[in-house]
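Colleague: A single structure is presented below for examination.
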Amino acid sequence: MQTTSVSTLYGQKELVIETGKLARLSAGSVTVRWGDTLVLATTNIAPEPRAGIDFFPLMVDYEEKYYAAGKIVGSRFIKREGRPSDLAVLTSRLIDRPLRPLFPHEFRRDIQIIISVLSLDPDHDPSTAATIAASASLLLAEAPFAGPVAACRVACVNGDLIPHPTQAQLAQSDLDLIVSGTADSVMMIEAGANLLPEEKIIAAIELAHQQIKNAIAIQINLANQLNKKPLVVDSIPLAPELIDLTQQFFNEHQVFETIKSADKKQRDHVIKPLHDQFIAQFSSELDLDDTSSTATSKFSSSDLSQAWEEILTHHIRQQIFQTDTRLDGRHLNEIRPIECEIDLSPRVHGCGLFTRGYTQILTSVTLGSTSDEQIVEGMSQETTKRYMHHYNFPPYSTGEVRPLRGPGRREIGHGALAEKALAPVIPGKEDFPYTIRVVSEALSSDGSTSMGSTCGSTLALMAAGVPIKTPISGIAMGLMIDENNNYKILSDIAGHEDHYGDMDFKVTGSADGITALQMDIKVQGISHAIIRDAIMSAKEGRLHILNKILAAIPAPRTELSPYAPRLIILQIKPEQIGTIIGPGGKNINEIIDKTDTTIDIEDDGHVFIFGNDAAKCQQAADIIKNMTREIKPGEIFEGKVTRIMDFGAFVEILPKQEGLVHISELAPYRVNKVTDIVKVGDKIKVKVSEIDSQGRINLSAKALLVDKSKTSDKPKYK
């Protein structure tokens, strides 16, 4: 078994890429070891193009193997890995995004990349190793991509930028940034930040890109050692005749001038008949063969559609470069009209409607108890989430008809981005101990619903009375690059600008700094100058949108919705927790049933009482206070007799707190039988005479007597 390996220092540890040992029937197979993290990546390429498609069929699957972390997970009956976790889906997207733009536009053969984590070292990021492994496996499979690529994660601790951070450093960091790129250009950015200034983010991106060059160099070295050359893809350009005919059709019918409109629906209404007319007209042209009687269509429907798109793209981009205006008439930095509204849904805990052009997002907030926190089980550790954002993209949002399914990769990715955008400003548990679930519904979509969801989340959270530290808005920036590498940055890109443009760069934050970034591109990398311009331009647009949000609701409400659960927080001694819970949970369940509340107790003695009725919450709080209050000698109670013993009666003076009235303390005279004085269920006034060294409460009834004679059947007490 012949193996080949290359290595380099990556951060503080050696990074080793090896091939020839595992998965030898795959077209490309490598392992990447970094610290004790070990990942296997395999690439396989279909022998023939897939017919009838107009996209590149690349599949990237990142697989979490729990044995890699020495864990057994699952339910009692199912112990194998099931569907991918959200983290696995997000990591698959993280790997896919820098690779896809590096393939030829016309490539239609299926490529599948599977990355499996075989060993997990939490201090050596498996997603970084996975990106490098995927790239190396593509090189060895001789895939026709303009790689290799690599990735680097950067943290910011106490203002210092740290490449390849450990888990401990990330836990203290104000930044979690991942950059992927080639040796010359940045391909992908993903980041969450704690309101960091733009300059700090830009410096972190530049640092990350510098770091990846060693990991790229050893991939090239490995491919050269094995004499691997990328597959040559023959690019068959459209016939010049077809391009000329398409341009002529555009001129004759004034297609581009006709579809110029600020209104998307009007553009769509006009362009479809023109497109259909174009297809019908040129599909009917025949290619006559002089050697036979057969006649075929001169142009395929695929060629016609491609020519239409090529000419339309040319006109859209040409207008931007020549006039600094867009198809809908906006200037390059102009934001579409924005409307913000709250309280659309009357009974939800908080609601915000954000409309920007034809993009419309309805976001709702639900507040729950601490027991509603989500348990997140990962390979390295089990954590909980008390703030979560979910994003839905139904077919009606684009006027389509398609089956409703569970959330796909896009929905999971958009939801995670909007969650990341607001996470730094969510109040801590000590200040607002609710679990917070935010759901954004994309009611209509014409560009950047994830940024609409960020803005809708801010509206809804403030309407719900969640005391967020500062409001957050988001904007999507676009890019057009011409053949001479001139470029134009576009603010607030609409759907067609995302489709015909070269970049989708989403930036969220406040006036104080950035909270999240996500960059995807369609070209083979962009420069640091473009990134800087996009980030700085995004700030202006972000603040414009933020002002619109603040006009609708200037600050979080001070009162919760009447339909939100009420909360009372108590602090008890940790050693009293057992008293509240009782044997087998008997005591706490009795309180919950009696008051119709939810009660959560933490190990430090914090008690959280949640309920829809404030009076019942207070009732539960009073019960717990009485159960845990410190009783002092001399206090007087009216209690209920709970047990009769030969030597005295036990009296419950507070919930779940009993004391003993010795038979000698029932009356000022000799009592032969306890039942001569009291029976179970009787109410009796008692005075605390003593609390002994073991915490037992001794009570006296005779100390409260008003008539000490034996003339009545039973003593009379004060």
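Chain labels follow the order of the structure tokens: the first chain is A, the next B, and so on; residue numbering restarts at 1 in every chain, and ligands are counted from 1 in their shown order.
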Identify, with DSSP run on backbone atoms, the residues in range 202-442 of chain A assigned to alpha helix (DSSP H), and express the list as JSON, numbers by chain.
Modeller: {"A": [202, 203, 204, 205, 206, 207, 208, 209, 210, 211, 213, 214, 215, 216, 217, 218, 219, 220, 221, 222, 223, 224, 225, 240, 241, 242, 243, 244, 245, 246, 247, 248, 249, 250, 251, 252, 255, 256, 257, 258, 259, 264, 265, 266, 267, 268, 269, 270, 271, 272, 273, 274, 275, 276, 277, 278, 279, 280, 281, 282, 283, 301, 302, 303, 304, 305, 306, 307, 308, 309, 310, 311, 312, 313, 314, 315, 316, 317, 318, 319, 320, 321, 322, 323, 409, 410, 411, 412, 413, 414, 415, 416, 417, 418, 419, 420, 421, 422]}
Colleague: Can you pull out the residues contacting Lys683 in chain A? Cut-off 9 Å, using only C-alpha atoms, and skip same-chain residues under 4 positions away; I want them as a VMD selection string.
Modeller: chain A and resid 638 to 641 651 678
Colleague: Find the spatial neighbours of Cys455 in chain A, counting only C-alpha atoms, within a cut-off of 8 Å - ignore same-chain residues fewer than 4 positions away - and output them as number ranges by chain.
Modeller: A: 354, 451, 459, 472-474, 549
Colleague: Considering only C-alpha atoms, return as a PyMOL selection string whatever protein or nucleic-acid residues lie within 10 Å of Met645 in chain A, sequence-local ones (same chain, fewer than 2 positions apart) excluded.
Modeller: chain A and resi 643+647-650+660+662-663+673-675
Colleague: With C-alpha atoms retained, could you export that selection as a PDB file, in the first residue's frame?
Modeller:
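So result-v5.pdb came out as:
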ATOM      1  CA  ARG A 643     -50.287  13.265  62.484  1.00  0.00           C
ATOM      2  CA  PHE A 647     -46.201  11.411  72.600  1.00  0.00           C
ATOM      3  CA  GLY A 648     -47.768  14.358  70.819  1.00  0.00           C
ATOM      4  CA  ALA A 649     -49.208  15.883  67.650  1.00  0.00           C
ATOM      5  CA  PHE A 650     -47.412  17.017  64.497  1.00  0.00           C
ATOM      6  CA  LEU A 660     -44.143  18.720  67.220  1.00  0.00           C
ATOM      7  CA  HIS A 662     -45.440  17.363  72.810  1.00  0.00           C
ATOM      8  CA  ILE A 663     -48.352  15.939  74.815  1.00  0.00           C
ATOM      9  CA  LYS A 673     -54.396  10.922  75.368  1.00  0.00           C
ATOM     10  CA  VAL A 674     -53.461  13.337  72.604  1.00  0.00           C
ATOM     11  CA  THR A 675     -56.815  12.714  70.918  1.00  0.00           C
TER      12      THR A 675
END
Colleague: Using only C-alpha atoms for the distances, tell me which of A:Glu190, A:Glu48, A:Asp123, A:Asp343 is nearest to Ala421 in chain A.
Modeller: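 Checking each candidate against Ala421 in chain A, we get A:Glu190 as the closest.
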Colleague: Got a sec: who's within 9 Å of Ser127 in chain A, counting only C-alpha atoms, leaving out chain neighbours fewer than 6 positions off, as a short mmCIF file (atom, residue, chain, number, x, y, z; two decimals) with C-alpha atoms, in the first residue's frame?
Modeller:
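Okay, this is what ended up in selection-v8.cif:
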data_model
loop_
_atom_site.label_atom_id
_atom_site.label_comp_id
_atom_site.auth_asym_id
_atom_site.auth_seq_id
_atom_site.Cartn_x
_atom_site.Cartn_y
_atom_site.Cartn_z
CA TYR A 62 -20.23 16.82 5.89
CA THR A 91 -20.67 23.11 7.67
CA SER A 92 -21.65 21.46 4.37
CA LEU A 94 -19.46 26.39 4.42
CA ILE A 95 -17.45 23.95 2.29
CA ALA A 151 -9.98 27.98 5.25
#
Colleague: Which residue is closest to Arg386 in chain A? Choose from A:Thr366, A:Tyr434, A:Leu353, A:Gly501 and count only C-alpha atoms.
Modeller: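 Smallest separation from Arg386 in chain A among the options: A:Tyr434.
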Colleague: What gap, in Å, lies between CA of Val270 in chain A and CA of Leu245 in chain A?
Modeller: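 CA of Val270 in chain A sits 20.3 Å away from CA of Leu245 in chain A.
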Colleague: Which residue out of A:Gln619, A:Thr558, A:Gln12, A:Thr43 has the minimum interatomic distance to Ile592 in chain A when only C-alpha atoms are used?
Modeller: A:Gln619
Colleague: For the strand (DSSP E or B) assignment from backbone DSSP, which residues of range 353-522 of chain A qualify? Please present them as a ChimeraX atom specification.
Modeller: /A:353-356,359-368,374-377,382-385,387-392,435-444,473-481,487-491,503-510,513-521
Colleague: To one decimal in Å, tell me the separation between CA of His499 in chain A and CA of Val149 in chain A.
Modeller: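 We find that CA of His499 in chain A and CA of Val149 in chain A lie 24.1 Å from each other.
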Colleague: Compile the contact shell of Asn194 in chain A as an mmCIF file with N, CA and C atoms, in the first residue's frame: residues with an atom at most 8 Å away, counting only C-alpha atoms, same-chain residues fewer than 3 positions apart removed.
Modeller:
data_model
loop_
_atom_site.group_PDB
_atom_site.id
_atom_site.type_symbol
_atom_site.label_atom_id
_atom_site.label_comp_id
_atom_site.auth_asym_id
_atom_site.auth_seq_id
_atom_site.Cartn_x
_atom_site.Cartn_y
_atom_site.Cartn_z
ATOM 1 N N ASP A 174 -14.729 37.995 20.925
ATOM 2 C CA ASP A 174 -15.760 38.875 20.383
ATOM 3 C C ASP A 174 -15.964 38.647 18.889
ATOM 4 N N LEU A 175 -15.302 37.639 18.345
ATOM 5 C CA LEU A 175 -15.381 37.376 16.908
ATOM 6 C C LEU A 175 -15.214 35.892 16.644
ATOM 7 N N PRO A 424 -25.636 38.689 19.830
ATOM 8 C CA PRO A 424 -24.834 39.515 20.754
ATOM 9 C C PRO A 424 -25.640 40.524 21.560
ATOM 10 N N GLY A 513 -21.260 48.815 15.553
ATOM 11 C CA GLY A 513 -20.391 47.815 14.952
ATOM 12 C C GLY A 513 -21.161 46.687 14.308
ATOM 13 N N ILE A 514 -20.421 45.664 13.886
ATOM 14 C CA ILE A 514 -20.940 44.541 13.102
ATOM 15 C C ILE A 514 -21.228 43.354 14.021
ATOM 16 N N THR A 515 -22.332 42.657 13.725
ATOM 17 C CA THR A 515 -22.656 41.433 14.469
ATOM 18 C C THR A 515 -22.561 40.172 13.614
#
Colleague: I'd like to know which of A:Ala418, A:Val661, A:Ile412, A:Leu25 is closest to Asp86 in chain A, using only C-alpha atoms.
Modeller: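 Ranking A:Ala418, A:Val661, A:Ile412, A:Leu25 by distance to Asp86 in chain A, first place goes to A:Ile412.
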Colleague: Just checking: using only C-alpha atoms, which residue out of A:Ile201, A:Ile17, A:Ile320, A:Met519 ends up closest to Met188 in chain A?
Modeller: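 For Met188 in chain A, the nearest of the given residues is A:Met519.
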Colleague: Check the smallest atom-to-atom distance from each of A:Val39, A:Gln254, A:Pro433, A:Arg97 to Met503 in chain A using only C-alpha atoms, then report the winner.
Modeller: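 Among the listed residues, A:Arg97 lies closest to Met503 in chain A.
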Colleague: CA of Gly408 in chain A to CA of Ile493 in chain A: how many Å, to one decimal?
Modeller: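 So the answer is 23.2 Å.
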